[in-house]
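**Student:** What follows is the file my_file.cif, containing mmCIF, C-alpha atoms:
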data_query
loop_
_atom_site.label_atom_id
_atom_site.label_comp_id
_atom_site.auth_asym_id
_atom_site.auth_seq_id
_atom_site.Cartn_x
_atom_site.Cartn_y
_atom_site.Cartn_z
CA MET A 1 -95.03 71.95 269.33
CA PRO A 2 -97.37 69.23 268.01
CA GLY A 3 -98.61 70.18 264.56
CA GLY A 4 -96.29 73.19 264.47
CA PHE A 5 -94.16 74.41 261.59
CA ALA A 6 -91.03 72.61 262.79
CA GLN A 7 -92.84 69.29 263.08
CA LYS A 8 -94.45 69.75 259.66
CA ALA A 9 -90.99 70.36 258.18
CA GLY A 10 -89.69 67.11 259.68
CA ILE A 11 -87.97 68.23 262.87
CA SER A 12 -88.50 65.71 265.66
CA THR A 13 -88.26 65.67 269.43
CA GLY A 14 -84.64 64.89 270.32
CA ASP A 15 -83.15 66.62 267.28
CA VAL A 16 -80.32 68.99 268.18
CA ILE A 17 -80.52 72.19 266.12
CA VAL A 18 -77.04 73.51 265.43
CA ARG A 19 -77.64 76.21 262.78
CA VAL A 20 -80.61 78.25 261.57
CA ASN A 21 -80.40 80.26 258.37
CA GLY A 22 -76.60 80.09 258.48
CA ARG A 23 -76.31 81.30 262.10
CA ASP A 24 -74.84 78.99 264.73
CA VAL A 25 -77.12 77.99 267.58
CA GLU A 26 -75.10 77.83 270.79
CA ASP A 27 -77.96 77.29 273.23
CA SER A 28 -81.68 77.87 273.67
CA VAL A 29 -81.18 81.61 274.19
CA SER A 30 -79.32 82.07 270.90
CA PHE A 31 -81.93 79.89 269.15
CA TYR A 32 -84.74 82.08 270.50
CA ARG A 33 -82.97 85.24 269.34
CA ILE A 34 -82.27 83.89 265.85
CA VAL A 35 -85.77 82.64 265.15
CA SER A 36 -87.48 85.66 266.70
CA LEU A 37 -85.90 87.87 264.03
CA LEU A 38 -86.93 85.74 261.05
CA PRO A 39 -89.82 87.06 258.93
CA VAL A 40 -92.97 84.95 258.94
CA GLY A 41 -93.32 83.11 255.62
CA GLU A 42 -89.58 82.99 254.86
CA THR A 43 -88.09 79.57 254.08
CA VAL A 44 -84.83 78.92 255.93
CA PRO A 45 -82.36 76.03 256.19
CA VAL A 46 -82.07 74.35 259.59
CA ASP A 47 -79.03 72.17 260.27
CA LEU A 48 -79.54 69.58 262.98
CA VAL A 49 -78.13 66.39 264.39
CA ARG A 50 -80.42 63.37 264.70
CA ASN A 51 -79.07 60.16 266.24
CA GLY A 52 -75.50 61.34 265.64
CA THR A 53 -76.05 62.18 261.96
CA GLY A 54 -76.15 65.69 260.54
CA ARG A 55 -79.14 66.74 258.44
CA ARG A 56 -80.43 69.86 256.74
CA ILE A 57 -84.15 70.56 256.72
CA THR A 58 -85.93 73.49 255.11
CA VAL A 59 -88.51 75.16 257.35
CA THR A 60 -91.05 77.84 256.50
CA VAL A 61 -91.15 80.31 259.37
CA GLY A 62 -94.56 80.54 260.97
CA GLU A 63 -96.09 82.70 263.61
CA LEU A 64 -96.54 81.21 267.04
CA PRO A 65 -100.19 80.89 267.96
CA ALA A 66 -101.21 83.38 270.60
CA ARG A 67 -101.64 82.00 274.06
CA PRO A 68 -104.99 82.86 275.62
CA ARG A 69 -103.43 85.33 278.06
CA ASP A 70 -101.19 87.12 275.54
CA SER A 71 -103.53 90.07 275.18
CA GLU A 72 -103.42 90.56 278.96
CA ILE A 73 -99.69 90.09 279.52
CA LEU A 74 -98.14 91.80 276.51
CA LEU A 75 -97.17 95.45 276.79
CA GLN A 76 -95.83 97.57 273.93
CA THR A 77 -93.76 100.52 275.11
CA ALA A 78 -93.32 103.91 273.47
CA LEU A 79 -89.61 103.11 273.18
CA GLY A 80 -90.17 100.40 270.60
CA PHE A 81 -90.14 97.15 272.52
CA SER A 82 -92.74 94.77 273.89
CA VAL A 83 -92.54 92.85 277.15
CA GLU A 84 -94.48 90.08 278.80
CA GLU A 85 -94.47 88.20 282.08
CA LEU A 86 -91.59 85.80 282.56
CA THR A 87 -93.15 82.37 282.98
CA GLU A 88 -91.39 79.55 284.80
CA ASN A 89 -90.94 77.52 281.60
CA VAL A 90 -89.51 80.45 279.64
CA ALA A 91 -87.23 81.40 282.57
CA GLU A 92 -85.84 77.86 282.60
CA THR A 93 -85.36 77.80 278.82
CA LEU A 94 -83.61 81.19 278.61
CA GLY A 95 -81.43 80.75 281.70
CA TYR A 96 -83.33 83.17 283.94
CA ARG A 97 -84.36 80.52 286.46
CA TYR A 98 -83.52 82.61 289.53
CA GLU A 99 -84.15 86.02 287.98
CA ARG A 100 -87.14 88.35 288.24
CA GLY A 101 -88.14 90.74 285.50
CA VAL A 102 -90.16 91.05 282.32
CA LEU A 103 -89.13 89.47 279.05
CA VAL A 104 -88.52 91.51 275.90
CA THR A 105 -90.56 89.72 273.24
CA ARG A 106 -90.26 92.08 270.27
CA VAL A 107 -88.13 95.06 269.24
CA THR A 108 -89.41 97.39 266.54
CA ARG A 109 -86.89 98.05 263.79
CA LEU A 110 -85.35 101.54 263.80
CA SER A 111 -86.83 102.29 267.24
CA GLN A 112 -84.86 103.62 270.20
CA ALA A 113 -84.83 100.12 271.68
CA ASP A 114 -83.34 98.79 268.45
CA SER A 115 -80.72 101.54 268.31
CA VAL A 116 -79.46 100.81 271.84
CA GLY A 117 -79.29 97.07 271.18
CA LEU A 118 -82.24 95.59 273.09
CA GLU A 119 -83.11 92.15 271.74
CA PRO A 120 -85.93 89.65 272.16
CA GLY A 121 -85.01 87.42 275.08
CA ASP A 122 -83.50 90.21 277.19
CA LEU A 123 -84.85 90.43 280.74
CA VAL A 124 -85.76 93.95 281.91
CA VAL A 125 -85.12 94.14 285.67
CA LYS A 126 -85.32 97.90 286.37
CA ILE A 127 -86.72 101.11 284.91
CA ASN A 128 -85.01 104.25 286.29
CA GLY A 129 -83.76 102.23 289.26
CA ARG A 130 -87.19 100.80 290.11
CA PRO A 131 -87.28 96.98 290.12
CA THR A 132 -89.62 95.41 287.55
CA PRO A 133 -90.18 91.87 288.86
CA ASP A 134 -93.48 91.54 287.00
CA LEU A 135 -95.57 93.25 284.35
CA GLU A 136 -97.53 95.37 286.83
CA ALA A 137 -94.35 96.77 288.42
CA PHE A 138 -92.92 97.39 284.95
CA ARG A 139 -96.06 99.25 283.91
CA GLU A 140 -95.99 101.40 287.07
CA ALA A 141 -92.29 102.23 286.69
CA PHE A 142 -92.70 103.05 283.01
CA GLU A 143 -95.79 105.18 283.56
CA ALA A 144 -93.92 107.21 286.19
CA VAL A 145 -91.57 108.51 283.48
CA GLN A 146 -92.63 111.87 282.07
CA TRP A 147 -92.65 112.54 278.33
CA GLY A 148 -89.37 114.03 277.15
CA ARG A 149 -87.44 112.55 280.10
CA LYS A 150 -84.60 110.06 280.09
CA VAL A 151 -85.36 106.41 280.78
CA LEU A 152 -82.70 104.09 282.17
CA VAL A 153 -83.51 100.49 281.32
CA GLU A 154 -81.50 97.86 283.17
CA TYR A 155 -81.64 94.40 281.64
CA ARG A 156 -79.86 91.06 281.69
CA ARG A 157 -78.58 89.05 278.77
CA GLU A 158 -76.61 85.82 279.09
CA GLY A 159 -75.85 86.51 282.77
CA VAL A 160 -74.57 90.06 282.17
CA SER A 161 -76.36 93.18 283.47
CA ARG A 162 -76.52 96.14 281.12
CA THR A 163 -78.10 99.58 281.30
CA VAL A 164 -79.20 101.67 278.34
CA ARG A 165 -80.52 105.22 278.24
CA MET A 166 -83.35 106.37 276.02
CA THR A 167 -85.71 109.34 275.91
CA LEU A 168 -89.46 108.91 276.21
CA GLU A 169 -90.73 110.79 273.16
CA LYS A 170 -94.27 111.12 271.81
#
The structure given in the file should be rewritten as structure tokens.

**Tutor:**
Amino acid sequence: MPGGFAQKAGISTGDVIVRVNGRDVEDSVSFYRIVSLLPVGETVPVDLVRNGTGRRITVTVGELPARPRDSEILLQTALGFSVEELTENVAETLGYRYERGVLVTRVTRLSQADSVGLEPGDLVVKINGRPTPDLEAFREAFEAVQWGRKVLVEYRREGVSRTVRMTLEK
């Protein structure tokens, strides 16, 4: 991102990031998961390869600027996770090119979503068996669940479908 924290730290287009804060980066999905869990303001080492040569750069974690539509497309659930529409660019980056669903963008620590293992980057495809191809369908399926009832959340991660069960509590 021009003028972003990575560029300010010295990371350039074409650099291959291989490790962030001591965690190996296998692909764009693992990179997204690693950086999404880093606290804003923390300084972390980033190992990369530039023109065949390894380098270590220190980057101060910043917050991504909000896109104009974020307030319209972001939905925080009572189960402790937020979702947003899956855009074409994000789908391509995270390997969901031919998938339909909503993208988990944030998981609240110590929430039910955290305890069952949901992670940023997961793609929610069904709530209680109802497909959630977009944010509106997700909202409708989620709102159909009564307080105190079980919620089955089907999601995909790295090509694998998983289902977790939580309880919608006030």

**Student:** At most 8 Å is the cut-off: for each residue in segment 42-119 of chain A with any atom that close to an atom of segment 133-143 of chain A, write down the nearest atom pair and the distance in Å rounded to one decimal, counting all atoms listed in the file, chain first then increasing number, as JSON lines.

**Tutor:**
{"residue": "A:Ile73", "atom": "CA", "partner": "A:Leu135", "partner_atom": "CA", "distance": 7.1}
{"residue": "A:Val83", "atom": "CA", "partner": "A:Leu135", "partner_atom": "CA", "distance": 7.8}
{"residue": "A:Glu84", "atom": "CA", "partner": "A:Leu135", "partner_atom": "CA", "distance": 6.5}
{"residue": "A:Glu85", "atom": "CA", "partner": "A:Leu135", "partner_atom": "CA", "distance": 5.6}
{"residue": "A:Leu86", "atom": "CA", "partner": "A:Asp134", "partner_atom": "CA", "distance": 7.5}
{"residue": "A:Arg100", "atom": "CA", "partner": "A:Pro133", "partner_atom": "CA", "distance": 4.7}
{"residue": "A:Gly101", "atom": "CA", "partner": "A:Pro133", "partner_atom": "CA", "distance": 4.1}
{"residue": "A:Val102", "atom": "CA", "partner": "A:Asp134", "partner_atom": "CA", "distance": 5.8}

**Student:** Evaluate the PyMOL selection byres ((chain A and resi 41) around 9) against this structure - the residues, as a VMD selection string, please.

**Tutor:** chain A and resid 38 to 40 42 to 43 60 to 63

**Student:** For the provided coordinates, the residues matched by the PyMOL selection byres ((chain A and resi 31) around 12) should be stated as an mmCIF file with C-alpha atoms, in the coordinates of the input.

**Tutor:**
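The file below, expr-v2.cif, is the result:
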data_model
loop_
_atom_site.group_PDB
_atom_site.id
_atom_site.type_symbol
_atom_site.label_atom_id
_atom_site.label_comp_id
_atom_site.auth_asym_id
_atom_site.auth_seq_id
_atom_site.Cartn_x
_atom_site.Cartn_y
_atom_site.Cartn_z
ATOM 1 C CA VAL A 16 -80.320 68.990 268.180
ATOM 2 C CA ILE A 17 -80.520 72.190 266.120
ATOM 3 C CA VAL A 18 -77.040 73.510 265.430
ATOM 4 C CA ARG A 19 -77.640 76.210 262.780
ATOM 5 C CA VAL A 20 -80.610 78.250 261.570
ATOM 6 C CA ASN A 21 -80.400 80.260 258.370
ATOM 7 C CA GLY A 22 -76.600 80.090 258.480
ATOM 8 C CA ARG A 23 -76.310 81.300 262.100
ATOM 9 C CA ASP A 24 -74.840 78.990 264.730
ATOM 10 C CA VAL A 25 -77.120 77.990 267.580
ATOM 11 C CA GLU A 26 -75.100 77.830 270.790
ATOM 12 C CA ASP A 27 -77.960 77.290 273.230
ATOM 13 C CA SER A 28 -81.680 77.870 273.670
ATOM 14 C CA VAL A 29 -81.180 81.610 274.190
ATOM 15 C CA SER A 30 -79.320 82.070 270.900
ATOM 16 C CA TYR A 32 -84.740 82.080 270.500
ATOM 17 C CA ARG A 33 -82.970 85.240 269.340
ATOM 18 C CA ILE A 34 -82.270 83.890 265.850
ATOM 19 C CA VAL A 35 -85.770 82.640 265.150
ATOM 20 C CA SER A 36 -87.480 85.660 266.700
ATOM 21 C CA LEU A 37 -85.900 87.870 264.030
ATOM 22 C CA LEU A 38 -86.930 85.740 261.050
ATOM 23 C CA VAL A 46 -82.070 74.350 259.590
ATOM 24 C CA THR A 93 -85.360 77.800 278.820
ATOM 25 C CA LEU A 94 -83.610 81.190 278.610
ATOM 26 C CA PRO A 120 -85.930 89.650 272.160
ATOM 27 C CA GLY A 121 -85.010 87.420 275.080
#

**Student:** Nearest to Asp114 of chain A among A:Gln146, A:Ile127, A:Gly159, A:Met166, with distances taken over all atoms listed in the file: which residue is it?

**Tutor:**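 Result for the nearest residue to Asp114 of chain A: A:Met166.
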
**Student:** When distances are computed from all atoms listed in the file, which of A:Ser111, A:Phe81, A:Leu103, A:Gly117 shows the smallest separation from Arg162 of chain A?

**Tutor:**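 For Arg162 of chain A, the nearest of the candidates is A:Gly117.
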
**Student:** What is the atom CA of Val116 of chain A-atom CA of Ala144 of chain A distance in Å, reported with one decimal?

**Tutor:** 21.4 Å

**Student:** Applying 9 Å and all atoms listed in the file, which residues near Asp122 of chain A remain after dropping the ones on its own chain fewer than 5 positions away? List them as a list in words.

**Tutor:**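 The filter keeps Val102, Leu103, Val104, Thr105, Tyr155, Arg156, Arg157 and Glu158 of chain A.
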
**Student:** Give me, please, the distance in Å between atom CA of Glu92 of chain A and atom CA of Leu118 of chain A, quoted to one decimal.

**Tutor:**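 Taking atom CA of Glu92 of chain A and atom CA of Leu118 of chain A, their separation equals 20.4 Å.
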
**Student:** Distance atom CA of Asn128 of chain A-atom CA of Leu152 of chain A, one decimal place?

**Tutor:** 4.7 Å

**Student:** Need the shell around Arg56 of chain A: protein/DNA/RNA residues with any atom at most 7 Å away, counting all atoms listed in the file. Skip same-chain ones fewer than 2 positions apart. Format as a PyMOL selection string?

**Tutor:** chain A and resi 45-48+58

**Student:** I need the residue nearest Asp15 of chain A from this list: A:Val44, A:Arg130, A:Val49, A:Asn89. Use all atoms listed in the file for the distance.

**Tutor:**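 Of the candidates, the smallest distance to Asp15 of chain A is held by A:Val49.
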
**Student:** Any idea what's packed within 12 Å of Gln112 of chain A, counting all atoms listed in the file, ignoring anything in its chain fewer than 2 positions away? Could you give it as a ChimeraX atom specification?

**Tutor:** /A:77-81,107-110,114-119,150-151,153,164-169

**Student:** Would you kindly translate the PyMOL selection byres ((chain A and resi 8) around 12) into the concrete residues it picks from this file, as a list in words?

**Tutor:**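 Checked against the file, the PyMOL selection byres ((chain A and resi 8) around 12) matches Met1, Pro2, Gly3, Gly4, Phe5, Ala6, Gln7, Ala9, Gly10, Ile11, Ser12, Ile57, Thr58, Val59, Thr60, Val61 and Gly62 of chain A.
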
**Student:** Give, as AutoDock Vina command-line options, the centre coordinates and the x, y and z edge lengths in Å to one decimal for an axis-aligned box around all listed atoms of segment 145-162 of chain A, padded by 3 Å on each side.

**Tutor:**
--center_x -83.6 --center_y 99.9 --center_z 280.3 --size_x 24.1 --size_y 34.2 --size_z 12.3
